[in-house]
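Raw contents of start_4.cif, mmCIF, C-alpha atoms and all ligand atoms:
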```
data_coords
loop_
_atom_site.label_atom_id
_atom_site.label_comp_id
_atom_site.auth_asym_id
_atom_site.auth_seq_id
_atom_site.Cartn_x
_atom_site.Cartn_y
_atom_site.Cartn_z
CA MET X 1 -0.85 -8.85 -47.83
CA ALA X 2 0.57 -11.16 -45.22
CA GLY X 3 -1.89 -13.19 -43.24
CA PHE X 4 -2.53 -16.64 -41.92
CA PRO X 5 -0.94 -19.16 -42.42
CA GLU X 6 2.34 -17.21 -43.01
CA LEU X 7 1.52 -14.90 -40.12
CA ARG X 8 1.00 -16.55 -36.73
CA LEU X 9 0.85 -14.26 -33.70
CA ARG X 10 1.21 -17.27 -31.40
CA ARG X 11 4.92 -17.58 -32.37
CA LEU X 12 5.99 -14.88 -29.92
CA ARG X 13 3.80 -16.26 -27.13
CA ARG X 14 5.53 -19.66 -27.00
CA MET X 15 7.64 -19.13 -23.88
CA PRO X 16 7.92 -16.69 -20.99
CA ALA X 17 11.19 -15.24 -22.29
CA LEU X 18 9.64 -14.36 -25.65
CA ARG X 19 6.54 -12.93 -24.00
CA GLY X 20 8.84 -10.87 -21.78
CA LEU X 21 10.64 -9.43 -24.80
CA VAL X 22 7.51 -8.21 -26.50
CA ARG X 23 5.47 -7.09 -23.46
CA GLU X 24 4.23 -3.56 -24.13
CA THR X 25 3.26 -2.48 -20.63
CA ARG X 26 5.38 -3.02 -17.55
CA LEU X 27 4.48 -2.57 -13.93
CA SER X 28 6.98 -1.53 -11.34
CA ALA X 29 6.65 -0.99 -7.60
CA GLU X 30 8.07 2.52 -7.95
CA GLN X 31 4.83 3.46 -9.75
CA PHE X 32 2.75 2.66 -6.67
CA VAL X 33 1.54 5.08 -4.02
CA ALA X 34 0.20 3.44 -0.86
CA PRO X 35 -2.59 5.27 1.01
CA LEU X 36 -2.13 5.38 4.80
CA PHE X 37 -4.77 6.46 7.33
CA VAL X 38 -3.19 8.08 10.37
CA ARG X 39 -4.52 9.09 13.76
CA LEU X 40 -2.89 10.25 16.97
CA GLY X 41 -1.68 7.67 19.45
CA ARG X 42 1.06 5.09 19.92
CA GLY X 43 1.26 1.49 18.76
CA LEU X 44 -2.18 1.82 17.20
CA ARG X 45 -3.32 -0.44 14.35
CA GLU X 46 -7.10 -0.39 13.96
CA PRO X 47 -8.24 -2.70 11.16
CA ILE X 48 -10.81 -1.17 8.80
CA GLY X 49 -13.70 -3.58 8.25
CA SER X 50 -14.50 -2.50 4.70
CA LEU X 51 -10.82 -2.54 3.65
CA PRO X 52 -9.36 -5.92 4.66
CA GLY X 53 -5.60 -5.60 5.18
CA VAL X 54 -5.75 -1.82 5.73
CA SER X 55 -5.62 -0.22 9.20
CA ARG X 56 -5.77 3.18 10.81
CA LEU X 57 -2.24 3.73 12.12
CA SER X 58 -0.66 5.95 14.74
CA PRO X 59 2.37 7.91 13.45
CA ASP X 60 4.89 5.36 14.82
CA GLU X 61 3.05 2.50 13.13
CA ALA X 62 2.81 4.53 9.92
CA VAL X 63 6.61 4.75 9.97
CA ALA X 64 6.91 0.97 10.45
CA GLU X 65 4.49 0.38 7.57
CA ALA X 66 6.32 2.88 5.36
CA GLN X 67 9.64 1.19 6.07
CA ARG X 68 8.21 -2.12 4.81
CA LEU X 69 6.72 -0.46 1.73
CA HIS X 70 9.98 1.30 0.97
CA ALA X 71 11.94 -1.94 1.38
CA ASP X 72 9.60 -3.56 -1.14
CA GLY X 73 10.26 -0.75 -3.62
CA VAL X 74 7.01 1.22 -3.33
CA GLY X 75 7.66 4.79 -4.46
CA ALA X 76 5.42 6.86 -2.22
CA VAL X 77 2.72 6.99 0.40
CA ILE X 78 -0.26 9.34 0.56
CA LEU X 79 -1.51 10.26 4.01
CA PHE X 80 -5.08 10.80 5.17
CA GLY X 81 -5.56 12.28 8.63
CA ILE X 82 -8.26 11.03 10.99
CA PRO X 83 -8.82 13.67 13.68
CA ASP X 84 -10.13 12.98 17.18
CA ARG X 85 -12.32 16.07 16.98
CA LYS X 86 -14.43 17.43 14.13
CA ASP X 87 -16.08 20.85 13.82
CA GLU X 88 -18.05 22.94 11.30
CA ASP X 89 -14.94 24.43 9.65
CA GLY X 90 -12.64 21.41 9.90
CA THR X 91 -10.07 23.38 11.91
CA GLU X 92 -8.09 20.25 12.86
CA ALA X 93 -7.07 19.99 9.20
CA TRP X 94 -4.32 22.60 9.60
CA ASN X 95 -3.36 21.77 13.20
CA GLU X 96 0.43 21.51 13.14
CA ALA X 97 0.22 18.95 15.95
CA GLY X 98 -2.37 16.89 14.01
CA ALA X 99 -1.89 13.19 13.23
CA LEU X 100 -1.13 13.76 9.55
CA GLN X 101 1.40 16.53 10.20
CA GLU X 102 3.08 14.44 12.92
CA ALA X 103 3.25 11.39 10.65
CA VAL X 104 4.78 13.46 7.83
CA ARG X 105 7.52 14.76 10.14
CA ARG X 106 8.36 11.25 11.35
CA LEU X 107 8.31 9.76 7.87
CA LYS X 108 10.65 12.39 6.49
CA ARG X 109 12.98 11.83 9.46
CA ASP X 110 12.95 8.00 9.42
CA VAL X 111 12.27 7.05 5.77
CA PRO X 112 13.61 10.09 3.91
CA ASP X 113 13.86 8.41 0.50
CA LEU X 114 10.19 7.52 0.37
CA ALA X 115 8.12 10.30 -1.26
CA VAL X 116 5.41 11.59 1.06
CA MET X 117 2.16 12.91 -0.39
CA THR X 118 -0.72 14.33 1.61
CA ASP X 119 -4.41 14.46 0.81
CA VAL X 120 -5.62 18.05 1.20
CA CYS X 121 -9.32 18.09 1.98
CA LEU X 122 -11.65 19.01 4.81
CA ASP X 123 -14.15 16.15 4.71
CA GLU X 124 -12.38 14.03 7.34
CA TYR X 125 -12.30 17.09 9.61
CA THR X 126 -15.75 18.67 9.27
CA SER X 127 -18.66 17.63 11.49
CA HIS X 128 -20.98 17.63 8.45
CA GLY X 129 -18.57 15.58 6.34
CA HIS X 130 -18.44 17.93 3.34
CA CYS X 131 -15.22 19.01 1.63
CA GLY X 132 -15.63 22.69 2.47
CA ILE X 133 -17.41 25.35 4.49
CA VAL X 134 -21.18 24.91 4.43
CA LYS X 135 -23.28 28.06 4.04
CA GLY X 136 -27.03 27.99 3.47
CA GLY X 137 -27.03 24.25 2.89
CA ASP X 138 -24.37 24.33 0.18
CA VAL X 139 -20.57 24.17 0.11
CA ASP X 140 -19.20 27.69 -0.30
CA ASN X 141 -16.45 27.44 -2.88
CA ASP X 142 -14.58 30.71 -2.34
CA ALA X 143 -14.78 30.65 1.47
CA THR X 144 -13.20 27.19 1.40
CA LEU X 145 -10.12 28.13 -0.64
CA PRO X 146 -8.15 29.88 2.14
CA LEU X 147 -8.75 26.91 4.46
CA LEU X 148 -7.43 24.48 1.86
CA ALA X 149 -4.39 26.68 1.31
CA ARG X 150 -3.78 26.83 5.04
CA THR X 151 -4.10 23.04 5.30
CA ALA X 152 -1.68 22.45 2.42
CA LEU X 153 0.78 24.89 3.99
CA SER X 154 0.72 22.96 7.28
CA HIS X 155 1.51 19.78 5.33
CA ALA X 156 4.37 21.49 3.51
CA LYS X 157 5.77 22.82 6.79
CA ALA X 158 5.73 19.27 8.19
CA GLY X 159 7.83 18.20 5.19
CA ALA X 160 5.40 16.84 2.59
CA ASP X 161 6.97 16.33 -0.84
CA VAL X 162 3.65 16.52 -2.68
CA VAL X 163 0.31 18.01 -1.64
CA ALA X 164 -2.80 16.60 -3.31
CA PRO X 165 -6.06 18.56 -3.07
CA SER X 166 -9.06 16.22 -3.42
CA ASP X 167 -11.91 18.63 -2.65
CA MET X 168 -12.90 19.66 -6.21
CA MET X 169 -13.46 23.35 -5.37
CA ASP X 170 -12.89 25.64 -8.36
CA GLY X 171 -9.67 27.62 -8.06
CA ARG X 172 -8.07 25.58 -5.30
CA VAL X 173 -4.94 24.66 -7.23
CA ALA X 174 -4.06 28.33 -7.80
CA ALA X 175 -4.91 29.22 -4.20
CA ILE X 176 -2.67 26.48 -2.79
CA ARG X 177 0.18 27.15 -5.23
CA ARG X 178 0.14 30.86 -4.33
CA GLU X 179 0.18 30.15 -0.60
CA LEU X 180 3.05 27.63 -0.89
CA ASP X 181 5.14 29.93 -3.09
CA ARG X 182 4.79 33.00 -0.93
CA SER X 183 5.62 30.98 2.20
CA GLY X 184 8.89 29.56 0.89
CA PHE X 185 7.59 26.17 -0.28
CA GLY X 186 8.10 26.64 -4.00
CA HIS X 187 9.77 23.22 -4.12
CA VAL X 188 6.68 21.32 -2.95
CA ALA X 189 4.85 19.63 -5.83
CA LEU X 190 1.10 19.74 -6.35
CA LEU X 191 -0.84 16.71 -7.55
CA ALA X 192 -4.40 17.74 -8.37
CA TYR X 193 -7.29 15.32 -8.04
CA ALA X 194 -8.41 16.90 -11.31
CA ALA X 195 -11.03 14.62 -12.84
CA LYS X 196 -12.67 13.21 -9.72
CA ALA X 197 -16.13 11.77 -10.16
CA ALA X 198 -18.94 11.75 -7.58
CA SER X 199 -18.57 8.00 -7.23
CA ALA X 200 -20.14 5.17 -5.25
CA TYR X 201 -16.69 3.56 -5.29
CA TYR X 202 -15.56 5.73 -2.34
CA GLY X 203 -17.91 3.94 0.09
CA PRO X 204 -15.30 1.92 2.01
CA PHE X 205 -13.00 4.97 2.32
CA ARG X 206 -15.76 6.94 3.97
CA GLU X 207 -16.10 4.21 6.58
CA ALA X 208 -12.32 4.26 7.09
CA ALA X 209 -12.20 8.03 7.48
CA ASP X 210 -15.66 8.45 8.98
CA SER X 211 -16.22 11.11 6.33
CA ALA X 212 -19.59 10.33 4.77
CA PRO X 213 -21.56 13.58 4.32
CA LYS X 214 -24.20 13.93 7.06
CA PHE X 215 -26.64 15.55 4.63
CA GLY X 216 -26.91 15.50 0.85
CA ASP X 217 -24.05 14.21 -1.29
CA ARG X 218 -20.99 15.53 -3.14
CA ARG X 219 -22.56 15.95 -6.58
CA SER X 220 -22.47 19.75 -6.44
CA TYR X 221 -18.65 19.72 -6.41
CA GLN X 222 -17.40 16.32 -7.60
CA MET X 223 -17.86 15.60 -11.31
CA ASP X 224 -20.67 13.76 -13.00
CA GLY X 225 -19.00 10.51 -14.05
CA ALA X 226 -20.89 10.57 -17.35
CA ASN X 227 -18.89 13.54 -18.64
CA ARG X 228 -15.84 12.83 -20.75
CA ARG X 229 -15.33 16.29 -22.25
CA GLU X 230 -15.83 18.02 -18.92
CA ALA X 231 -13.09 15.80 -17.43
CA MET X 232 -10.66 17.32 -19.96
CA ARG X 233 -11.80 20.84 -18.99
CA GLU X 234 -11.19 20.07 -15.31
CA ILE X 235 -7.68 18.84 -16.09
CA ALA X 236 -6.90 21.80 -18.37
CA LEU X 237 -7.91 24.25 -15.63
CA ASP X 238 -5.74 22.54 -13.02
CA VAL X 239 -2.80 22.54 -15.42
CA GLU X 240 -3.32 26.25 -16.05
CA GLU X 241 -3.48 26.92 -12.30
CA GLY X 242 -0.13 25.25 -11.76
CA ALA X 243 -0.66 21.54 -11.06
CA ASP X 244 2.53 19.50 -11.50
CA ALA X 245 0.59 16.28 -12.07
CA VAL X 246 -3.10 15.46 -12.41
CA MET X 247 -5.22 12.56 -11.25
CA VAL X 248 -8.15 10.66 -12.65
CA LYS X 249 -10.35 9.01 -10.01
CA PRO X 250 -11.68 6.31 -9.74
CA ALA X 251 -9.51 4.29 -12.11
CA LEU X 252 -11.16 1.15 -13.42
CA ALA X 253 -14.53 2.58 -14.43
CA TYR X 254 -12.70 5.60 -15.92
CA LEU X 255 -9.96 4.05 -18.06
CA ASP X 256 -11.22 5.99 -21.11
CA ILE X 257 -10.71 9.25 -19.21
CA ILE X 258 -7.13 8.22 -18.36
CA ARG X 259 -6.52 7.45 -22.04
CA ASP X 260 -8.06 10.76 -23.17
CA ALA X 261 -5.91 12.63 -20.66
CA ARG X 262 -2.77 10.79 -21.79
CA GLU X 263 -3.40 11.83 -25.38
CA ARG X 264 -4.17 15.46 -24.54
CA PHE X 265 -1.65 16.40 -21.84
CA ASP X 266 2.09 16.00 -21.40
CA LEU X 267 2.28 16.25 -17.63
CA PRO X 268 2.33 13.14 -15.42
CA ILE X 269 -1.02 11.43 -14.92
CA ALA X 270 -1.98 9.56 -11.79
CA ALA X 271 -4.92 7.22 -11.32
CA TYR X 272 -6.58 6.36 -8.01
CA ASN X 273 -7.55 2.69 -7.77
CA VAL X 274 -10.05 3.56 -5.03
CA SER X 275 -11.39 1.84 -1.94
CA GLY X 276 -14.46 0.31 -3.60
CA GLU X 277 -12.34 -1.22 -6.35
CA TYR X 278 -10.08 -2.72 -3.70
CA ALA X 279 -12.92 -3.95 -1.48
CA MET X 280 -14.62 -5.79 -4.36
CA VAL X 281 -11.43 -7.67 -5.20
CA LYS X 282 -10.82 -8.51 -1.54
CA ALA X 283 -14.37 -9.75 -1.01
CA ALA X 284 -14.27 -12.02 -4.05
CA ALA X 285 -10.80 -13.29 -3.12
CA GLN X 286 -11.91 -14.09 0.43
CA ASN X 287 -14.71 -16.16 -1.04
CA GLY X 288 -12.25 -18.03 -3.20
CA TRP X 289 -13.99 -16.81 -6.34
CA ILE X 290 -11.00 -15.16 -7.99
CA ASP X 291 -7.21 -15.42 -8.03
CA GLU X 292 -6.38 -12.21 -6.13
CA ARG X 293 -2.78 -11.96 -7.23
CA ARG X 294 -3.51 -12.31 -10.93
CA ILE X 295 -6.57 -10.06 -10.78
CA VAL X 296 -4.64 -7.28 -9.02
CA LEU X 297 -1.67 -7.35 -11.37
CA GLU X 298 -3.98 -7.48 -14.40
CA THR X 299 -5.97 -4.51 -13.07
CA LEU X 300 -2.89 -2.42 -12.30
CA THR X 301 -1.46 -3.27 -15.73
CA SER X 302 -4.68 -2.07 -17.38
CA ILE X 303 -4.42 1.27 -15.59
CA VAL X 304 -0.84 1.79 -16.78
CA ARG X 305 -1.78 0.59 -20.27
CA ALA X 306 -4.58 3.18 -20.34
CA GLY X 307 -1.92 5.84 -19.78
CA ALA X 308 -1.32 6.39 -16.07
CA ASP X 309 2.24 7.10 -14.94
CA PHE X 310 1.57 6.16 -11.35
CA ILE X 311 -1.23 4.57 -9.32
CA LEU X 312 -2.58 5.23 -5.86
CA THR X 313 -3.64 1.79 -4.67
CA TYR X 314 -4.35 -0.12 -1.45
CA HIS X 315 -2.76 -3.12 -3.19
CA ALA X 316 0.64 -1.33 -3.32
CA GLY X 317 2.47 -3.46 -0.74
CA ASP X 318 1.10 -6.79 -1.94
CA ALA X 319 1.60 -5.96 -5.61
CA ALA X 320 5.18 -4.81 -4.97
CA ARG X 321 5.97 -8.13 -3.26
CA TRP X 322 4.32 -10.14 -6.04
CA LEU X 323 6.31 -8.29 -8.69
CA LYS X 324 9.49 -9.07 -6.77
CA GLU X 325 8.56 -12.75 -6.89
CA GLY X 326 8.16 -12.50 -10.64
CA GLY X 327 4.54 -11.42 -11.05
C1 LIG X 401 -11.53 13.19 0.10
C2 LIG X 401 -11.14 11.91 -0.51
C3 LIG X 401 -11.94 10.79 -0.73
C4 LIG X 401 -11.12 9.82 -1.30
C5 LIG X 401 -9.85 10.35 -1.40
N1 LIG X 401 -9.88 11.65 -0.93
C6 LIG X 401 -13.36 10.56 -0.37
C7 LIG X 401 -14.41 11.31 -1.04
O1 LIG X 401 -14.20 12.10 -1.95
O2 LIG X 401 -15.54 11.11 -0.60
C8 LIG X 401 -11.58 8.46 -1.71
C9 LIG X 401 -10.52 7.43 -1.85
C10 LIG X 401 -11.01 6.04 -1.94
O3 LIG X 401 -12.21 5.75 -2.06
O4 LIG X 401 -10.14 5.15 -1.88
N2 LIG X 401 -10.68 13.52 1.19
#
```
Represent the structure contained in this file as structure tokens.
Amino acid sequence: MAGFPELRLRRLRRMPALRGLVRETRLSAEQFVAPLFVRLGRGLREPIGSLPGVSRLSPDEAVAEAQRLHADGVGAVILFGIPDRKDEDGTEAWNEAGALQEAVRRLKRDVPDLAVMTDVCLDEYTSHGHCGIVKGGDVDNDATLPLLARTALSHAKAGADVVAPSDMMDGRVAAIRRELDRSGFGHVALLAYAAKAASAYYGPFREAADSAPKFGDRRSYQMDGANRREAMREIALDVEEGADAVMVKPALAYLDIIRDARERFDLPIAAYNVSGEYAMVKAAAQNGWIDERRIVLETLTSIVRAGADFILTYHAGDAARWLKEGG
């Protein structure tokens, strides 16, 4: 059997060109999806304290941002709407004149080659901050489904290429697919937030979207992060209900789930490198404790190596530019 000293793995690490030849995992900007927070207005860029470098944007500014991302090779954006008014049922979620719907229309008009995804959920729109209708102190699964379908339809009508339900209600993928198909939007793809854990890593997002639940938490609908087998059941159900692609979320603390999913399923797998993951890197970088560029590219590489086809990440624009400069 060959071994040291005949075998020396350092031989192919001697120079960048050799390392480039044998690199097993490659990152490319077209794998990145940049999250954008949109609210109504003009010329609006409100920095988000917990997400340095990320702002709430009015639709015109979202277009400007998307043009830069597209020029840098980023494949897609995913939009989150921030309404001016919240109520018990989250009715602003399906308002065709809402910020998200308006931003989608403008993006598809002005940056048509950039794929536009939309987050379908009620938590940014409900006064209580939960992802569905609250009845008797709990989120009513079945009563929420028609509202999610209605929301997704309003996104499709505005021109969304992909709708992405993030609520974790049972049966929502089928409900949304049915609504889209019977309304003439059979071409719109559905990315399911399939294995989404009830995670502390969403903290900064909830500040950005002002969507922290006003009572209780999301553990009765989002998954227990301890459950690896259940994550596969969640994905299998969404596949059965008609998801075109599935997501694992968060990413870094769930790389094993991404790998399991890659080995079990043949459809595209997305990973969400969430707000808390981003904020920790930013905080350490601002303190000069880490090399942000190298940490980010290493992290994104690990997510692809685990098996993700594409990554939702707040680092999308920066990472795309760094890759252009040679990594
Ligand atoms: C729900 C939603 C959340 C995120 C994406 N979609 C928040 C939640 O579930 O509480 C979190 C994303 C992130 O933390 O970056 N609309």
Using all atoms listed in the file, find each residue in chain X having at least one atom no more than 10 Å away from ligand LIG 401 (chain X); report its shortest atom-to-atom pair and that distance in Å (one decimal), rows by chain then rising number, as JSON lines.
```
{"residue": "X:Pro35", "atom": "CA", "partner": "X:LIG401", "partner_atom": "O4", "distance": 8.1}
{"residue": "X:Leu51", "atom": "CA", "partner": "X:LIG401", "partner_atom": "O4", "distance": 9.5}
{"residue": "X:Ile78", "atom": "CA", "partner": "X:LIG401", "partner_atom": "C5", "distance": 9.8}
{"residue": "X:Leu79", "atom": "CA", "partner": "X:LIG401", "partner_atom": "N1", "distance": 9.8}
{"residue": "X:Phe80", "atom": "CA", "partner": "X:LIG401", "partner_atom": "N2", "distance": 7.4}
{"residue": "X:Gly81", "atom": "CA", "partner": "X:LIG401", "partner_atom": "N2", "distance": 9.1}
{"residue": "X:Thr118", "atom": "CA", "partner": "X:LIG401", "partner_atom": "N1", "distance": 9.9}
{"residue": "X:Asp119", "atom": "CA", "partner": "X:LIG401", "partner_atom": "N2", "distance": 6.4}
{"residue": "X:Val120", "atom": "CA", "partner": "X:LIG401", "partner_atom": "N2", "distance": 6.8}
{"residue": "X:Cys121", "atom": "CA", "partner": "X:LIG401", "partner_atom": "N2", "distance": 4.8}
{"residue": "X:Leu122", "atom": "CA", "partner": "X:LIG401", "partner_atom": "N2", "distance": 6.6}
{"residue": "X:Asp123", "atom": "CA", "partner": "X:LIG401", "partner_atom": "N2", "distance": 5.6}
{"residue": "X:Glu124", "atom": "CA", "partner": "X:LIG401", "partner_atom": "N2", "distance": 6.4}
{"residue": "X:Tyr125", "atom": "CA", "partner": "X:LIG401", "partner_atom": "N2", "distance": 9.3}
{"residue": "X:Gly129", "atom": "CA", "partner": "X:LIG401", "partner_atom": "O2", "distance": 8.8}
{"residue": "X:His130", "atom": "CA", "partner": "X:LIG401", "partner_atom": "O2", "distance": 8.4}
{"residue": "X:Cys131", "atom": "CA", "partner": "X:LIG401", "partner_atom": "C1", "distance": 7.1}
{"residue": "X:Ala164", "atom": "CA", "partner": "X:LIG401", "partner_atom": "N1", "distance": 9.0}
{"residue": "X:Pro165", "atom": "CA", "partner": "X:LIG401", "partner_atom": "N2", "distance": 8.1}
{"residue": "X:Ser166", "atom": "CA", "partner": "X:LIG401", "partner_atom": "C1", "distance": 5.3}
{"residue": "X:Asp167", "atom": "CA", "partner": "X:LIG401", "partner_atom": "C1", "distance": 6.1}
{"residue": "X:Met168", "atom": "CA", "partner": "X:LIG401", "partner_atom": "O1", "distance": 8.8}
{"residue": "X:Tyr193", "atom": "CA", "partner": "X:LIG401", "partner_atom": "N1", "distance": 8.4}
{"residue": "X:Lys196", "atom": "CA", "partner": "X:LIG401", "partner_atom": "O1", "distance": 8.0}
{"residue": "X:Ala197", "atom": "CA", "partner": "X:LIG401", "partner_atom": "O1", "distance": 8.4}
{"residue": "X:Ala198", "atom": "CA", "partner": "X:LIG401", "partner_atom": "O1", "distance": 7.4}
{"residue": "X:Ser199", "atom": "CA", "partner": "X:LIG401", "partner_atom": "O2", "distance": 7.9}
{"residue": "X:Ala200", "atom": "CA", "partner": "X:LIG401", "partner_atom": "O3", "distance": 8.6}
{"residue": "X:Tyr201", "atom": "CA", "partner": "X:LIG401", "partner_atom": "O3", "distance": 5.9}
{"residue": "X:Tyr202", "atom": "CA", "partner": "X:LIG401", "partner_atom": "O3", "distance": 3.4}
{"residue": "X:Gly203", "atom": "CA", "partner": "X:LIG401", "partner_atom": "O3", "distance": 6.4}
{"residue": "X:Pro204", "atom": "CA", "partner": "X:LIG401", "partner_atom": "O3", "distance": 6.4}
{"residue": "X:Phe205", "atom": "CA", "partner": "X:LIG401", "partner_atom": "O3", "distance": 4.5}
{"residue": "X:Arg206", "atom": "CA", "partner": "X:LIG401", "partner_atom": "C6", "distance": 6.1}
{"residue": "X:Glu207", "atom": "CA", "partner": "X:LIG401", "partner_atom": "O3", "distance": 9.6}
{"residue": "X:Ala208", "atom": "CA", "partner": "X:LIG401", "partner_atom": "O3", "distance": 9.3}
{"residue": "X:Ala209", "atom": "CA", "partner": "X:LIG401", "partner_atom": "C6", "distance": 8.3}
{"residue": "X:Asp210", "atom": "CA", "partner": "X:LIG401", "partner_atom": "C6", "distance": 9.9}
{"residue": "X:Ser211", "atom": "CA", "partner": "X:LIG401", "partner_atom": "O2", "distance": 7.0}
{"residue": "X:Ala212", "atom": "CA", "partner": "X:LIG401", "partner_atom": "O2", "distance": 6.8}
{"residue": "X:Pro213", "atom": "CA", "partner": "X:LIG401", "partner_atom": "O2", "distance": 8.2}
{"residue": "X:Asp217", "atom": "CA", "partner": "X:LIG401", "partner_atom": "O2", "distance": 9.1}
{"residue": "X:Arg218", "atom": "CA", "partner": "X:LIG401", "partner_atom": "O2", "distance": 7.5}
{"residue": "X:Tyr221", "atom": "CA", "partner": "X:LIG401", "partner_atom": "O1", "distance": 9.9}
{"residue": "X:Gln222", "atom": "CA", "partner": "X:LIG401", "partner_atom": "O1", "distance": 7.7}
{"residue": "X:Lys249", "atom": "CA", "partner": "X:LIG401", "partner_atom": "C9", "distance": 8.3}
{"residue": "X:Pro250", "atom": "CA", "partner": "X:LIG401", "partner_atom": "O3", "distance": 7.7}
{"residue": "X:Tyr272", "atom": "CA", "partner": "X:LIG401", "partner_atom": "O4", "distance": 7.2}
{"residue": "X:Asn273", "atom": "CA", "partner": "X:LIG401", "partner_atom": "O4", "distance": 6.9}
{"residue": "X:Val274", "atom": "CA", "partner": "X:LIG401", "partner_atom": "O4", "distance": 3.5}
{"residue": "X:Ser275", "atom": "CA", "partner": "X:LIG401", "partner_atom": "O4", "distance": 3.5}
{"residue": "X:Gly276", "atom": "CA", "partner": "X:LIG401", "partner_atom": "O3", "distance": 6.1}
{"residue": "X:Glu277", "atom": "CA", "partner": "X:LIG401", "partner_atom": "O4", "distance": 8.1}
{"residue": "X:Tyr278", "atom": "CA", "partner": "X:LIG401", "partner_atom": "O4", "distance": 8.1}
{"residue": "X:Ala279", "atom": "CA", "partner": "X:LIG401", "partner_atom": "O4", "distance": 9.5}
{"residue": "X:Leu312", "atom": "CA", "partner": "X:LIG401", "partner_atom": "O4", "distance": 8.5}
{"residue": "X:Thr313", "atom": "CA", "partner": "X:LIG401", "partner_atom": "O4", "distance": 7.8}
{"residue": "X:Tyr314", "atom": "CA", "partner": "X:LIG401", "partner_atom": "O4", "distance": 7.8}
```
task: Could you please determine the separation between atom CA of Asp266 of chain X and atom CA of Gly317 of chain X in Å, to one decimal place?
output: 28.4 Å
- prompt: For Arg219 of chain X, which residue among X:Glu179, X:Ala284, X:Val139, X:Thr299 is the nearest when counting all atoms listed in the file?
  reply: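 The closest residue to Arg219 of chain X is X:Val139.
In this structure, atom CA of Arg293 of chain X sits 20.0 Å away from atom CA of Ala253 of chain X.
Counting from atom CA of Leu145 of chain X, the distance to atom CA of Leu36 of chain X is 24.7 Å.
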- request: Could you give me, as a list in words, the residues that sit within 9 Å of (-16.5, 11.3, -18.8) in the file's coordinates, counting only C-alpha atoms?
  value: Ala195, Ala197, Met223, Asp224, Gly225, Ala226, Asn227, Arg228, Arg229, Glu230, Ala231, Met232, Tyr254, Asp256 and Ile257 of chain X
field: Pick from X:Asp110, X:Asp260, X:Asp89, X:Glu96, whichever lies nearest to Glu61 of chain X using only C-alpha atoms
entry: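 Selected residue with least distance to Glu61 of chain X: X:Asp110.
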field: Selection: 8 Å around segment 243-245 of chain X, all atoms listed in the file, excl. self and same-chain fewer than 4 positions, as a VMD selection string
entry: chain X and resid 173 189 to 192 238 to 239 267 to 270
Ref. answer, residues at most 12 Å from (-0.2, -2.7, -5.6) with all atoms listed in the file, as a ChimeraX atom specification: /X:27-35,69,72-77,272-274,278,292-301,303,310-324,327
- line: With distances taken over all atoms listed in the file, the candidate from X:Gly326, X:Gly171, X:Gly98, X:Pro83 nearest His155 of chain X is X:Gly98
field: Long-range neighbours of Ala97 of chain X as a ChimeraX atom specification, 10 Å cut-off, all atoms listed in the file, 6 positions minimum in chain
entry: /X:40,103,154,158
Six-sided padding of 8 Å per side, axis-aligned box over segment 209-222 of chain X, centre and edges in Å, one decimal, as AutoDock Vina command-line options:
```
--center_x -19.6 --center_y 13.9 --center_z 0.7 --size_x 30.7 --size_y 27.7 --size_z 32.6
```
Using the partial input, fill out segment 206-213 of chain X with N, CA, C and O atoms; write the result as a PDB file, keeping the file's coordinate frame.
```pdb
ATOM      1  N   ARG X 206     -15.001   6.075   3.060  1.00  0.00           N
ATOM      2  CA  ARG X 206     -15.760   6.940   3.970  1.00  0.00           C
ATOM      3  C   ARG X 206     -15.991   6.256   5.307  1.00  0.00           C
ATOM      4  O   ARG X 206     -16.090   6.920   6.333  1.00  0.00           O
ATOM      5  N   GLU X 207     -16.044   4.923   5.301  1.00  0.00           N
ATOM      6  CA  GLU X 207     -16.100   4.210   6.580  1.00  0.00           C
ATOM      7  C   GLU X 207     -14.739   4.339   7.280  1.00  0.00           C
ATOM      8  O   GLU X 207     -14.669   4.625   8.477  1.00  0.00           O
ATOM      9  N   ALA X 208     -13.675   4.185   6.524  1.00  0.00           N
ATOM     10  CA  ALA X 208     -12.320   4.260   7.090  1.00  0.00           C
ATOM     11  C   ALA X 208     -12.057   5.619   7.712  1.00  0.00           C
ATOM     12  O   ALA X 208     -11.454   5.731   8.784  1.00  0.00           O
ATOM     13  N   ALA X 209     -12.501   6.671   7.035  1.00  0.00           N
ATOM     14  CA  ALA X 209     -12.200   8.030   7.480  1.00  0.00           C
ATOM     15  C   ALA X 209     -13.371   8.664   8.214  1.00  0.00           C
ATOM     16  O   ALA X 209     -13.287   9.815   8.624  1.00  0.00           O
ATOM     17  N   ASP X 210     -14.451   7.922   8.357  1.00  0.00           N
ATOM     18  CA  ASP X 210     -15.660   8.450   8.980  1.00  0.00           C
ATOM     19  C   ASP X 210     -16.012   9.804   8.357  1.00  0.00           C
ATOM     20  O   ASP X 210     -16.177  10.808   9.035  1.00  0.00           O
ATOM     21  N   SER X 211     -16.079   9.835   7.028  1.00  0.00           N
ATOM     22  CA  SER X 211     -16.220  11.110   6.330  1.00  0.00           C
ATOM     23  C   SER X 211     -17.423  11.160   5.402  1.00  0.00           C
ATOM     24  O   SER X 211     -17.468  11.986   4.492  1.00  0.00           O
ATOM     25  N   ALA X 212     -18.392  10.269   5.610  1.00  0.00           N
ATOM     26  CA  ALA X 212     -19.590  10.330   4.770  1.00  0.00           C
ATOM     27  C   ALA X 212     -20.343  11.613   5.084  1.00  0.00           C
ATOM     28  O   ALA X 212     -20.453  12.003   6.245  1.00  0.00           O
ATOM     29  N   PRO X 213     -20.828  12.340   4.056  1.00  0.00           N
ATOM     30  CA  PRO X 213     -21.560  13.580   4.320  1.00  0.00           C
ATOM     31  C   PRO X 213     -22.809  13.293   5.169  1.00  0.00           C
ATOM     32  O   PRO X 213     -23.502  12.303   4.920  1.00  0.00           O
TER      33      PRO X 213
END
```
